[in-house]
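Data from upload.cif: mmCIF, C-alpha atoms
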data_my_file
loop_
_atom_site.label_atom_id
_atom_site.label_comp_id
_atom_site.auth_asym_id
_atom_site.auth_seq_id
_atom_site.Cartn_x
_atom_site.Cartn_y
_atom_site.Cartn_z
CA MET Q 1 -5.96 -56.32 38.82
CA THR Q 2 -5.94 -52.96 37.14
CA THR Q 3 -6.53 -54.63 33.78
CA THR Q 4 -9.55 -56.44 35.18
CA GLU Q 5 -10.94 -53.19 36.47
CA ASN Q 6 -10.48 -51.63 33.04
CA ASP Q 7 -12.16 -54.57 31.36
CA ALA Q 8 -15.09 -54.31 33.73
CA GLN Q 9 -15.75 -50.76 32.58
CA PRO Q 10 -16.01 -50.91 28.79
CA ALA Q 11 -17.51 -47.43 28.52
CA ASP Q 12 -14.45 -46.09 30.25
CA THR Q 13 -11.85 -47.90 28.23
CA SER Q 14 -11.06 -45.46 25.47
CA ALA Q 15 -10.94 -42.51 27.82
CA ARG Q 16 -8.75 -44.49 30.14
CA ARG Q 17 -6.46 -45.58 27.33
CA LYS Q 18 -6.11 -41.97 26.28
CA PHE Q 19 -5.39 -41.01 29.86
CA LEU Q 20 -2.71 -43.65 30.18
CA GLN Q 21 -1.16 -42.58 26.91
CA THR Q 22 -0.91 -39.07 28.18
CA ALA Q 23 0.46 -40.28 31.47
CA GLY Q 24 2.97 -42.19 29.36
CA LEU Q 25 4.03 -38.95 27.75
CA ALA Q 26 4.50 -37.50 31.17
CA VAL Q 27 6.66 -40.47 32.08
CA GLY Q 28 8.79 -39.83 29.02
CA GLY Q 29 9.31 -36.20 29.83
CA PHE Q 30 9.99 -36.81 33.46
CA GLY Q 31 12.33 -39.71 32.76
CA MET Q 32 14.30 -37.69 30.25
CA LEU Q 33 14.76 -34.93 32.74
CA ALA Q 34 16.22 -37.27 35.31
CA VAL Q 35 18.49 -39.04 32.82
CA ALA Q 36 19.66 -35.93 31.00
CA SER Q 37 20.75 -34.36 34.23
CA ALA Q 38 23.57 -36.85 34.84
CA PRO Q 39 25.95 -35.78 32.02
CA ALA Q 40 24.80 -32.18 32.33
CA LEU Q 41 25.81 -32.30 35.97
CA ALA Q 42 29.36 -32.93 34.86
CA ALA Q 43 29.13 -29.78 32.76
CA GLY Q 44 28.04 -27.94 35.87
CA LYS Q 45 24.62 -27.16 34.48
CA ALA Q 46 22.18 -29.70 35.77
CA LYS Q 47 22.23 -29.20 39.49
CA PRO Q 48 18.98 -27.26 39.57
CA LYS Q 49 17.35 -29.82 37.34
CA MET Q 50 18.33 -32.64 39.68
CA ALA Q 51 16.88 -30.71 42.57
CA ASP Q 52 13.76 -29.98 40.54
CA ALA Q 53 13.25 -33.61 39.66
CA LYS Q 54 13.61 -34.52 43.30
CA GLY Q 55 11.03 -31.89 44.18
CA ASP Q 56 8.64 -33.23 41.55
CA VAL Q 57 8.92 -36.71 43.05
CA GLY Q 58 8.04 -35.19 46.41
CA VAL Q 59 4.94 -33.59 44.92
CA LEU Q 60 4.00 -36.92 43.35
CA GLN Q 61 4.39 -38.70 46.69
CA GLY Q 62 2.04 -36.26 48.40
CA ALA Q 63 -0.46 -36.65 45.57
CA LEU Q 64 -0.21 -40.42 45.85
CA ALA Q 65 -0.85 -40.24 49.60
CA LEU Q 66 -3.95 -38.18 48.82
CA GLU Q 67 -5.20 -40.79 46.33
CA HIS Q 68 -4.58 -43.59 48.85
CA GLU Q 69 -6.73 -41.73 51.34
CA GLY Q 70 -9.50 -41.14 48.78
CA ILE Q 71 -9.45 -44.80 47.77
CA ALA Q 72 -9.75 -45.84 51.43
CA ALA Q 73 -12.60 -43.39 52.05
CA TYR Q 74 -14.61 -44.64 49.06
CA THR Q 75 -13.84 -48.28 49.82
CA ILE Q 76 -14.74 -48.07 53.50
CA ALA Q 77 -17.81 -45.89 52.95
CA GLY Q 78 -18.82 -48.04 49.98
CA GLY Q 79 -18.71 -51.15 52.13
CA SER Q 80 -20.55 -49.55 55.03
CA GLY Q 81 -24.03 -50.43 53.79
CA LEU Q 82 -25.03 -46.79 54.09
CA LEU Q 83 -25.22 -46.19 50.34
CA THR Q 84 -28.19 -47.01 48.13
CA PRO Q 85 -27.32 -49.04 45.01
CA ASP Q 86 -27.46 -46.05 42.64
CA VAL Q 87 -25.19 -43.94 44.83
CA LEU Q 88 -22.87 -46.89 45.37
CA LYS Q 89 -22.59 -47.25 41.60
CA ILE Q 90 -21.36 -43.66 41.28
CA ALA Q 91 -19.01 -44.10 44.23
CA LEU Q 92 -17.44 -47.11 42.53
CA VAL Q 93 -16.89 -45.13 39.33
CA PHE Q 94 -15.11 -42.43 41.33
CA LEU Q 95 -13.15 -45.10 43.18
CA GLY Q 96 -11.99 -46.41 39.80
CA HIS Q 97 -10.78 -42.95 38.83
CA HIS Q 98 -8.80 -42.62 42.05
CA LYS Q 99 -7.21 -46.01 41.43
CA GLY Q 100 -6.28 -44.85 37.93
CA HIS Q 101 -4.66 -41.73 39.40
CA ARG Q 102 -2.87 -43.85 42.00
CA ASP Q 103 -1.43 -46.17 39.37
CA ALA Q 104 -0.23 -43.33 37.14
CA LEU Q 105 1.41 -41.52 40.08
CA ALA Q 106 3.05 -44.66 41.47
CA ASN Q 107 4.44 -45.54 38.04
CA LEU Q 108 5.95 -42.11 37.63
CA ILE Q 109 7.57 -42.29 41.06
CA ARG Q 110 9.04 -45.70 40.24
CA LYS Q 111 10.34 -44.47 36.86
CA ALA Q 112 12.09 -41.65 38.67
CA GLY Q 113 13.76 -44.20 40.95
CA GLY Q 114 11.58 -43.59 43.99
CA ALA Q 115 9.59 -45.98 46.17
CA PRO Q 116 5.90 -45.05 46.02
CA VAL Q 117 4.45 -44.20 49.43
CA GLU Q 118 2.30 -47.04 50.79
CA PRO Q 119 -1.28 -46.61 51.99
CA LYS Q 120 -1.98 -46.44 55.73
CA THR Q 121 -4.20 -49.06 57.35
CA ASP Q 122 -7.99 -48.85 57.12
CA ALA Q 123 -8.05 -48.39 60.89
CA GLN Q 124 -5.83 -45.32 60.53
CA TYR Q 125 -7.97 -43.84 57.77
CA THR Q 126 -11.11 -44.55 59.78
CA ALA Q 127 -9.68 -42.67 62.75
CA GLU Q 128 -8.17 -39.78 60.76
CA LEU Q 129 -11.30 -39.15 58.70
CA ASN Q 130 -13.63 -39.97 61.59
CA LEU Q 131 -15.41 -42.48 59.37
CA GLY Q 132 -17.06 -44.06 62.42
CA ALA Q 133 -19.20 -40.94 62.72
CA LEU Q 134 -20.83 -41.54 59.31
CA LYS Q 135 -24.44 -42.56 60.01
CA THR Q 136 -26.32 -41.79 56.82
CA GLN Q 137 -25.78 -41.67 53.09
CA GLY Q 138 -25.94 -37.88 53.39
CA ASP Q 139 -23.00 -37.93 55.84
CA VAL Q 140 -20.98 -39.96 53.35
CA VAL Q 141 -21.79 -37.66 50.45
CA ILE Q 142 -20.91 -34.56 52.50
CA LEU Q 143 -17.53 -36.04 53.45
CA ALA Q 144 -16.83 -37.14 49.88
CA THR Q 145 -17.74 -33.66 48.59
CA LYS Q 146 -15.26 -32.07 51.01
CA LEU Q 147 -12.50 -34.51 50.14
CA GLU Q 148 -13.01 -34.01 46.40
CA MET Q 149 -12.95 -30.24 46.83
CA GLY Q 150 -9.75 -30.55 48.85
CA ALA Q 151 -8.19 -32.88 46.32
CA THR Q 152 -9.04 -30.61 43.39
CA ASN Q 153 -7.49 -27.64 45.14
CA ALA Q 154 -4.49 -29.66 46.24
CA TYR Q 155 -3.68 -30.56 42.64
CA VAL Q 156 -4.34 -27.07 41.30
CA GLY Q 157 -2.32 -25.49 44.11
CA GLN Q 158 0.74 -27.61 43.42
CA ILE Q 159 1.00 -27.15 39.65
CA ALA Q 160 3.12 -24.04 40.17
CA ALA Q 161 5.64 -26.13 42.13
CA LEU Q 162 6.14 -28.65 39.31
CA GLN Q 163 9.16 -28.30 37.04
CA ASP Q 164 8.11 -30.85 34.44
CA HIS Q 165 5.42 -29.71 31.99
CA GLY Q 166 4.23 -33.25 31.41
CA LEU Q 167 3.53 -33.55 35.11
CA ALA Q 168 1.75 -30.21 35.11
CA HIS Q 169 -0.49 -31.57 32.37
CA LEU Q 170 -1.14 -34.73 34.38
CA PHE Q 171 -2.02 -32.65 37.45
CA ALA Q 172 -4.46 -30.61 35.36
CA GLN Q 173 -6.05 -33.86 34.19
CA ILE Q 174 -6.34 -35.28 37.68
CA SER Q 175 -7.64 -32.04 39.17
CA THR Q 176 -10.39 -31.87 36.56
CA ASP Q 177 -11.38 -35.48 37.31
CA GLU Q 178 -11.68 -34.51 40.98
CA ALA Q 179 -13.62 -31.38 40.00
CA VAL Q 180 -16.12 -33.53 38.09
CA HIS Q 181 -16.54 -35.71 41.20
CA TRP Q 182 -17.05 -32.62 43.32
CA ALA Q 183 -19.61 -31.16 40.91
CA ILE Q 184 -21.67 -34.35 40.79
CA LEU Q 185 -21.60 -34.74 44.58
CA ASN Q 186 -22.33 -31.07 45.19
CA ASN Q 187 -25.31 -31.34 42.87
CA ALA Q 188 -26.50 -34.49 44.64
CA LEU Q 189 -26.47 -32.53 47.89
CA GLY Q 190 -28.79 -29.99 46.27
CA ASN Q 191 -26.20 -27.22 46.46
CA ALA Q 192 -26.05 -24.63 43.72
CA ALA Q 193 -22.88 -24.03 41.73
CA PRO Q 194 -20.78 -21.28 43.35
CA THR Q 195 -21.52 -17.89 41.78
CA PRO Q 196 -18.02 -16.34 41.52
CA ALA Q 197 -15.63 -17.44 38.82
CA PHE Q 198 -12.51 -19.46 39.72
CA ILE Q 199 -14.21 -22.09 41.86
CA PHE Q 200 -10.91 -23.83 42.56
CA GLY Q 201 -7.35 -22.75 43.13
CA MET A 202 12.69 11.89 53.60
CA ALA A 203 10.59 9.17 55.12
CA THR A 204 11.35 7.16 52.05
CA THR A 205 15.07 7.48 52.63
CA ARG A 206 14.69 6.31 56.19
CA ILE A 207 12.65 3.32 55.16
CA HIS A 208 15.14 2.64 52.42
CA ARG A 209 17.97 2.57 54.95
CA LEU A 210 15.92 0.32 57.20
CA VAL A 211 15.27 -2.04 54.33
CA LEU A 212 18.97 -2.21 53.61
CA ALA A 213 19.77 -2.86 57.22
CA PHE A 214 17.00 -5.29 58.15
CA PRO A 215 15.37 -6.67 55.04
CA ALA A 216 14.38 -9.95 56.66
CA GLY A 217 13.08 -8.30 59.81
CA LEU A 218 11.02 -5.84 57.82
CA ALA A 219 9.54 -8.58 55.71
CA VAL A 220 8.53 -10.42 58.88
CA VAL A 221 6.90 -7.32 60.35
CA ALA A 222 5.19 -6.42 57.08
CA GLY A 223 3.96 -9.98 56.77
CA ALA A 224 2.63 -9.94 60.33
CA LEU A 225 0.81 -6.67 59.74
CA ALA A 226 -0.69 -7.85 56.48
CA ALA A 227 -1.81 -11.12 57.97
CA GLN A 228 -3.20 -9.61 61.12
CA ALA A 229 -4.83 -6.58 59.56
CA ALA A 230 -6.87 -8.25 56.86
CA GLY A 231 -7.59 -11.76 58.07
CA ASP A 232 -11.19 -12.90 58.48
CA PRO A 233 -11.32 -16.20 60.38
CA VAL A 234 -14.85 -17.03 59.22
CA ALA A 235 -13.99 -16.70 55.54
CA GLY A 236 -10.71 -18.40 56.43
CA LYS A 237 -12.44 -21.50 57.75
CA ALA A 238 -14.13 -22.10 54.41
CA GLN A 239 -10.88 -21.35 52.57
CA TYR A 240 -9.01 -23.70 54.87
CA GLU A 241 -11.45 -26.54 54.34
CA GLY A 242 -11.40 -26.05 50.59
CA THR A 243 -7.69 -25.43 50.04
CA CYS A 244 -5.97 -27.29 52.86
CA GLY A 245 -8.67 -29.91 53.64
CA GLY A 246 -7.38 -32.35 51.03
CA CYS A 247 -4.33 -32.95 53.22
CA HIS A 248 -4.94 -31.38 56.64
CA SER A 249 -7.53 -31.50 59.41
CA VAL A 250 -7.60 -29.37 62.53
CA ASP A 251 -7.66 -32.38 64.85
CA ALA A 252 -6.08 -35.28 62.97
CA ASN A 253 -2.75 -36.00 61.32
CA ARG A 254 -3.45 -36.98 57.73
CA ILE A 255 -1.24 -36.36 54.70
CA GLY A 256 -0.10 -33.29 56.61
CA PRO A 257 -0.02 -32.67 60.38
CA MET A 258 -3.01 -31.50 62.43
CA HIS A 259 -3.38 -27.75 62.80
CA ARG A 260 -5.01 -27.07 66.16
CA GLY A 261 -2.62 -24.85 68.08
CA VAL A 262 -0.28 -24.33 65.14
CA VAL A 263 0.13 -20.58 65.74
CA GLY A 264 2.72 -20.35 68.50
CA ARG A 265 3.95 -23.92 68.32
CA ARG A 266 7.30 -25.23 67.17
CA PRO A 267 7.46 -26.35 63.54
CA GLY A 268 7.52 -30.10 63.21
CA SER A 269 6.36 -30.78 66.75
CA VAL A 270 3.07 -32.68 66.50
CA ALA A 271 3.44 -36.14 68.03
CA GLY A 272 2.82 -39.04 65.71
CA TYR A 273 3.42 -37.10 62.48
CA ASP A 274 6.41 -38.06 60.35
CA TYR A 275 7.85 -34.67 59.40
CA SER A 276 10.62 -34.01 56.92
CA PRO A 277 14.00 -33.06 58.44
CA ALA A 278 13.57 -29.69 56.69
CA VAL A 279 10.59 -28.75 58.84
CA ARG A 280 11.95 -30.32 62.03
CA ARG A 281 15.12 -28.26 61.60
CA LEU A 282 13.27 -24.95 61.20
CA GLY A 283 13.39 -24.01 64.87
CA GLY A 284 11.60 -21.03 66.37
CA LEU A 285 7.82 -20.92 66.40
CA TRP A 286 5.03 -20.67 63.85
CA THR A 287 3.99 -17.03 63.98
CA THR A 288 1.33 -15.57 61.70
CA ALA A 289 4.13 -13.85 59.76
CA ARG A 290 6.05 -17.04 59.30
CA LEU A 291 2.92 -18.89 58.24
CA ASP A 292 2.41 -16.20 55.63
CA GLN A 293 5.91 -16.90 54.32
CA TRP A 294 5.28 -20.65 54.38
CA LEU A 295 2.09 -20.35 52.38
CA GLN A 296 3.82 -18.22 49.75
CA GLY A 297 6.22 -21.08 49.12
CA PRO A 298 6.99 -23.84 51.60
CA GLN A 299 10.05 -24.86 49.60
CA ALA A 300 11.54 -21.37 49.86
CA LEU A 301 11.15 -21.33 53.63
CA ALA A 302 12.16 -24.96 54.19
CA PRO A 303 13.80 -26.49 51.11
CA GLY A 304 13.02 -30.19 51.01
CA ALA A 305 9.80 -29.90 53.01
CA LYS A 306 7.01 -32.32 52.14
CA MET A 307 4.49 -29.56 51.37
CA TYR A 308 4.45 -27.91 47.94
CA LEU A 309 1.12 -26.11 47.80
CA SER A 310 1.29 -22.35 47.77
CA VAL A 311 -1.42 -19.69 48.01
CA ALA A 312 -0.69 -16.71 45.77
CA ASP A 313 -3.50 -14.42 46.96
CA PRO A 314 -2.39 -12.41 50.06
CA ALA A 315 -5.99 -11.83 51.23
CA LYS A 316 -6.73 -15.54 51.06
CA ARG A 317 -3.56 -16.32 53.00
CA ALA A 318 -4.51 -13.75 55.63
CA ASP A 319 -7.98 -15.28 56.04
CA ILE A 320 -6.59 -18.79 56.35
CA ILE A 321 -3.97 -17.67 58.88
CA ALA A 322 -6.64 -15.81 60.88
CA TYR A 323 -8.59 -19.07 60.99
CA LEU A 324 -5.50 -21.02 62.10
CA ALA A 325 -4.96 -18.42 64.85
CA SER A 326 -8.59 -18.90 65.91
CA VAL A 327 -7.95 -22.61 66.54
CA SER A 328 -4.73 -21.82 68.43
CA PRO A 329 -4.23 -20.55 71.98
CA PRO A 330 -4.64 -16.74 71.98
CA ALA A 331 -1.30 -15.59 73.47
CA GLU A 332 1.13 -15.62 70.57
CA PRO A 333 4.67 -14.90 71.86
CA VAL A 334 5.58 -12.72 68.91
CA ARG A 335 8.72 -11.15 70.35
CA GLY A 336 10.24 -14.38 71.60
CA ALA A 337 9.43 -16.01 68.33
CA ARG A 338 11.15 -13.27 66.34
CA HIS A 339 14.31 -13.63 68.41
CA GLN A 340 14.28 -17.37 68.03
CA ARG A 341 13.77 -16.98 64.34
CA ALA A 342 16.75 -14.64 64.03
CA ARG A 343 18.93 -17.17 65.84
CA THR A 344 17.78 -19.92 63.52
CA VAL A 345 18.53 -17.89 60.44
CA ASP A 346 22.00 -17.07 61.75
CA ALA A 347 22.70 -20.67 62.61
CA GLY A 348 21.54 -21.72 59.15
CA ALA A 349 23.78 -19.18 57.46
CA LYS A 350 26.90 -20.39 59.27
CA ARG A 351 26.35 -24.01 58.33
#

As structure tokens - that is how I would like this structure written.
Amino acid sequence: MTTTENDAQPADTSARRKFLQTAGLAVGGFGMLAVASAPALAAGKAKPKMADAKGDVGVLQGALALEHEGIAAYTIAGGSGLLTPDVLKIALVFLGHHKGHRDALANLIRKAGGAPVEPKTDAQYTAELNLGALKTQGDVVILATKLEMGATNAYVGQIAALQDHGLAHLFAQISTDEAVHWAILNNALGNAAPTPAFIFG
Amino acid sequence: MATTRIHRLVLAFPAGLAVVAGALAAQAAGDPVAGKAQYEGTCGGCHSVDANRIGPMHRGVVGRRPGSVAGYDYSPAVRRLGGLWTTARLDQWLQGPQALAPGAKMYLSVADPAKRADIIAYLASVSPPAEPVRGARHQRARTVDAGAKR
């Protein structure tokens, strides 16, 4: 299914391949950390590393839950009939990015021996995000702008908690994807760019 | 002179002092209006005031027991915290949730004290006004003791 999505977006393919390669690097680094800690534990050295790796998986799980929510929001809003075709087209591109993030995060969690957190039901997301209150395209864009801002800051604000540098790099990549979404949506709303430096974080 | 006294106090009650200092910092500087925007931007990816999402809902958080919102699946680390969420304790939490509750499911921290104060002032503004600070401090002390013995 993911392959089909990639094939359907030829313009995206090389960027996506690059992204996956980098995510692959992150997998390598993260995996090594988990594996290396076993013998080191015997030497009495690796305990913190084990704890760190466990913490990193926790961060990944939270990030994955965030992506699940974003995917549900775009999918439900996208299917609502509220969006004009040109806006829907952009929403679907962003949806594709969130699915790419989801897949990378879930793979990393699996590689670390964890079970990736599952999405909630659409009914739950609809209630939690109050999606029933969306009446116009403008409502949808405002909600999406808020969620993308929140997601960007969530990734930026968790980098300091990550032990693995490969994961920190991945989080920087994902947060900048979300920042691009935010910027495009914010511009569509007719809002100016914020004046002070350090828009996120 | 005053310095010596404070020094002795710090030696005697480092944790208590930190709590008081945190409370003062949070209460003195916090602007709930700025805090609302900061909250939506920084916490809004995971939290809402009135709905459990990736994290629990926040209405009433100041003065409530950690891990007590119905329908939210908390980590044992937060459920075990005991005591109440005071503004001071929230300030500690936002400096590093893992330091306050190792194994908690929240990892985001806010390094800027002024930003934390604004966000906490906003959280207080969506919470019932009477914060039982004294009771909460006692409860907290008990929790810390209990934790240390385990």

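The gap separating CA of Gln124 (chain Q) from CA of Ala161 (chain Q) is 29.0 Å, in Å to one decimal.
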
Using only C-alpha atoms, which chain A residues lie at most 8 Å away from chain Q, written as a short mmCIF file (atom, residue, chain, number, x, y, z; two decimals) with C-alpha atoms, keeping the file's coordinate frame?
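And here's selection_17.cif as it stands now:
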data_model
loop_
_atom_site.label_atom_id
_atom_site.label_comp_id
_atom_site.auth_asym_id
_atom_site.auth_seq_id
_atom_site.Cartn_x
_atom_site.Cartn_y
_atom_site.Cartn_z
CA GLU A 241 -11.45 -26.54 54.34
CA GLY A 242 -11.40 -26.05 50.59
CA THR A 243 -7.69 -25.43 50.04
CA CYS A 244 -5.97 -27.29 52.86
CA GLY A 245 -8.67 -29.91 53.64
CA GLY A 246 -7.38 -32.35 51.03
CA CYS A 247 -4.33 -32.95 53.22
CA ALA A 252 -6.08 -35.28 62.97
CA ASN A 253 -2.75 -36.00 61.32
CA ARG A 254 -3.45 -36.98 57.73
CA ILE A 255 -1.24 -36.36 54.70
CA GLY A 304 13.02 -30.19 51.01
CA LYS A 306 7.01 -32.32 52.14
CA MET A 307 4.49 -29.56 51.37
CA TYR A 308 4.45 -27.91 47.94
CA LEU A 309 1.12 -26.11 47.80
CA SER A 310 1.29 -22.35 47.77
CA VAL A 311 -1.42 -19.69 48.01
#

Close residues, Leu291 (chain A) itself excluded, 12 Å, all atoms listed in the file, min 2 positions apart in chain, as a PDB file with C-alpha atoms, keeping the file's coordinate frame:
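New file result.pdb:
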ATOM      1  CA  VAL A 220       8.530 -10.420  58.880  1.00  0.00           C
ATOM      2  CA  GLY A 223       3.960  -9.980  56.770  1.00  0.00           C
ATOM      3  CA  ALA A 224       2.630  -9.940  60.330  1.00  0.00           C
ATOM      4  CA  ALA A 226      -0.690  -7.850  56.480  1.00  0.00           C
ATOM      5  CA  ALA A 227      -1.810 -11.120  57.970  1.00  0.00           C
ATOM      6  CA  GLN A 228      -3.200  -9.610  61.120  1.00  0.00           C
ATOM      7  CA  HIS A 259      -3.380 -27.750  62.800  1.00  0.00           C
ATOM      8  CA  VAL A 262      -0.280 -24.330  65.140  1.00  0.00           C
ATOM      9  CA  VAL A 263       0.130 -20.580  65.740  1.00  0.00           C
ATOM     10  CA  GLY A 264       2.720 -20.350  68.500  1.00  0.00           C
ATOM     11  CA  ARG A 265       3.950 -23.920  68.320  1.00  0.00           C
ATOM     12  CA  ARG A 266       7.300 -25.230  67.170  1.00  0.00           C
ATOM     13  CA  PRO A 267       7.460 -26.350  63.540  1.00  0.00           C
ATOM     14  CA  LEU A 285       7.820 -20.920  66.400  1.00  0.00           C
ATOM     15  CA  TRP A 286       5.030 -20.670  63.850  1.00  0.00           C
ATOM     16  CA  THR A 287       3.990 -17.030  63.980  1.00  0.00           C
ATOM     17  CA  THR A 288       1.330 -15.570  61.700  1.00  0.00           C
ATOM     18  CA  ALA A 289       4.130 -13.850  59.760  1.00  0.00           C
ATOM     19  CA  GLN A 293       5.910 -16.900  54.320  1.00  0.00           C
ATOM     20  CA  TRP A 294       5.280 -20.650  54.380  1.00  0.00           C
ATOM     21  CA  LEU A 295       2.090 -20.350  52.380  1.00  0.00           C
ATOM     22  CA  GLN A 296       3.820 -18.220  49.750  1.00  0.00           C
ATOM     23  CA  GLY A 297       6.220 -21.080  49.120  1.00  0.00           C
ATOM     24  CA  PRO A 298       6.990 -23.840  51.600  1.00  0.00           C
ATOM     25  CA  LEU A 301      11.150 -21.330  53.630  1.00  0.00           C
ATOM     26  CA  ALA A 302      12.160 -24.960  54.190  1.00  0.00           C
ATOM     27  CA  SER A 310       1.290 -22.350  47.770  1.00  0.00           C
ATOM     28  CA  VAL A 311      -1.420 -19.690  48.010  1.00  0.00           C
ATOM     29  CA  PRO A 314      -2.390 -12.410  50.060  1.00  0.00           C
ATOM     30  CA  ARG A 317      -3.560 -16.320  53.000  1.00  0.00           C
ATOM     31  CA  ALA A 318      -4.510 -13.750  55.630  1.00  0.00           C
ATOM     32  CA  ASP A 319      -7.980 -15.280  56.040  1.00  0.00           C
ATOM     33  CA  ILE A 320      -6.590 -18.790  56.350  1.00  0.00           C
ATOM     34  CA  ILE A 321      -3.970 -17.670  58.880  1.00  0.00           C
ATOM     35  CA  ALA A 322      -6.640 -15.810  60.880  1.00  0.00           C
ATOM     36  CA  TYR A 323      -8.590 -19.070  60.990  1.00  0.00           C
ATOM     37  CA  LEU A 324      -5.500 -21.020  62.100  1.00  0.00           C
ATOM     38  CA  ALA A 325      -4.960 -18.420  64.850  1.00  0.00           C
TER      39      ALA A 325
END

Point-to-point distance in Å for CA of Val141 (chain Q) and CA of Ala91 (chain Q): 9.4 Å

Answer key for the PyMOL selection byres ((chain Q and resi 109) around 12), residues as a ChimeraX atom specification: /Q:26-27,30-31,34,53-64,102-108,110-117,167

C-alpha atoms of the current selection, written as an mmCIF file, in the coordinates of the input:
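After the write, again.cif holds the following:
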data_model
loop_
_atom_site.group_PDB
_atom_site.id
_atom_site.type_symbol
_atom_site.label_atom_id
_atom_site.label_comp_id
_atom_site.auth_asym_id
_atom_site.auth_seq_id
_atom_site.Cartn_x
_atom_site.Cartn_y
_atom_site.Cartn_z
ATOM 1 C CA ALA Q 26 4.500 -37.500 31.170
ATOM 2 C CA VAL Q 27 6.660 -40.470 32.080
ATOM 3 C CA PHE Q 30 9.990 -36.810 33.460
ATOM 4 C CA GLY Q 31 12.330 -39.710 32.760
ATOM 5 C CA ALA Q 34 16.220 -37.270 35.310
ATOM 6 C CA ALA Q 53 13.250 -33.610 39.660
ATOM 7 C CA LYS Q 54 13.610 -34.520 43.300
ATOM 8 C CA GLY Q 55 11.030 -31.890 44.180
ATOM 9 C CA ASP Q 56 8.640 -33.230 41.550
ATOM 10 C CA VAL Q 57 8.920 -36.710 43.050
ATOM 11 C CA GLY Q 58 8.040 -35.190 46.410
ATOM 12 C CA VAL Q 59 4.940 -33.590 44.920
ATOM 13 C CA LEU Q 60 4.000 -36.920 43.350
ATOM 14 C CA GLN Q 61 4.390 -38.700 46.690
ATOM 15 C CA GLY Q 62 2.040 -36.260 48.400
ATOM 16 C CA ALA Q 63 -0.460 -36.650 45.570
ATOM 17 C CA LEU Q 64 -0.210 -40.420 45.850
ATOM 18 C CA ARG Q 102 -2.870 -43.850 42.000
ATOM 19 C CA ASP Q 103 -1.430 -46.170 39.370
ATOM 20 C CA ALA Q 104 -0.230 -43.330 37.140
ATOM 21 C CA LEU Q 105 1.410 -41.520 40.080
ATOM 22 C CA ALA Q 106 3.050 -44.660 41.470
ATOM 23 C CA ASN Q 107 4.440 -45.540 38.040
ATOM 24 C CA LEU Q 108 5.950 -42.110 37.630
ATOM 25 C CA ARG Q 110 9.040 -45.700 40.240
ATOM 26 C CA LYS Q 111 10.340 -44.470 36.860
ATOM 27 C CA ALA Q 112 12.090 -41.650 38.670
ATOM 28 C CA GLY Q 113 13.760 -44.200 40.950
ATOM 29 C CA GLY Q 114 11.580 -43.590 43.990
ATOM 30 C CA ALA Q 115 9.590 -45.980 46.170
ATOM 31 C CA PRO Q 116 5.900 -45.050 46.020
ATOM 32 C CA VAL Q 117 4.450 -44.200 49.430
ATOM 33 C CA LEU Q 167 3.530 -33.550 35.110
#

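Between CA of Gly256 (chain A) and CA of Gln299 (chain A) the interatomic distance comes to 14.9 Å.
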
Assuming the input is short of atoms at region 314-324 of chain A, produce N, CA and C atoms for that part as a compact mmCIF listing (two decimals), keeping the file's coordinate frame.
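The file below, rebuild-v8.txt, is the result:
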# COMPACT_ATOMS: atom_id res chain seq x y z
N PRO A 314 -2.70 -12.82 48.67
CA PRO A 314 -2.39 -12.41 50.06
C PRO A 314 -3.64 -12.36 50.95
N ALA A 315 -4.76 -11.93 50.41
CA ALA A 315 -5.99 -11.83 51.23
C ALA A 315 -6.45 -13.22 51.65
N LYS A 316 -6.33 -14.16 50.75
CA LYS A 316 -6.73 -15.54 51.06
C LYS A 316 -5.79 -16.12 52.12
N ARG A 317 -4.51 -15.85 51.98
CA ARG A 317 -3.56 -16.32 53.00
C ARG A 317 -3.91 -15.72 54.36
N ALA A 318 -4.21 -14.43 54.36
CA ALA A 318 -4.51 -13.75 55.63
C ALA A 318 -5.74 -14.37 56.28
N ASP A 319 -6.77 -14.67 55.49
CA ASP A 319 -7.98 -15.28 56.04
C ASP A 319 -7.68 -16.66 56.63
N ILE A 320 -6.91 -17.44 55.88
CA ILE A 320 -6.59 -18.79 56.35
C ILE A 320 -5.78 -18.72 57.64
N ILE A 321 -4.82 -17.81 57.68
CA ILE A 321 -3.97 -17.67 58.88
C ILE A 321 -4.81 -17.18 60.06
N ALA A 322 -5.76 -16.27 59.80
CA ALA A 322 -6.64 -15.81 60.88
C ALA A 322 -7.45 -16.99 61.41
N TYR A 323 -7.86 -17.87 60.53
CA TYR A 323 -8.59 -19.07 60.99
C TYR A 323 -7.66 -19.97 61.82
N LEU A 324 -6.44 -20.18 61.34
CA LEU A 324 -5.50 -21.02 62.10
C LEU A 324 -5.25 -20.42 63.49
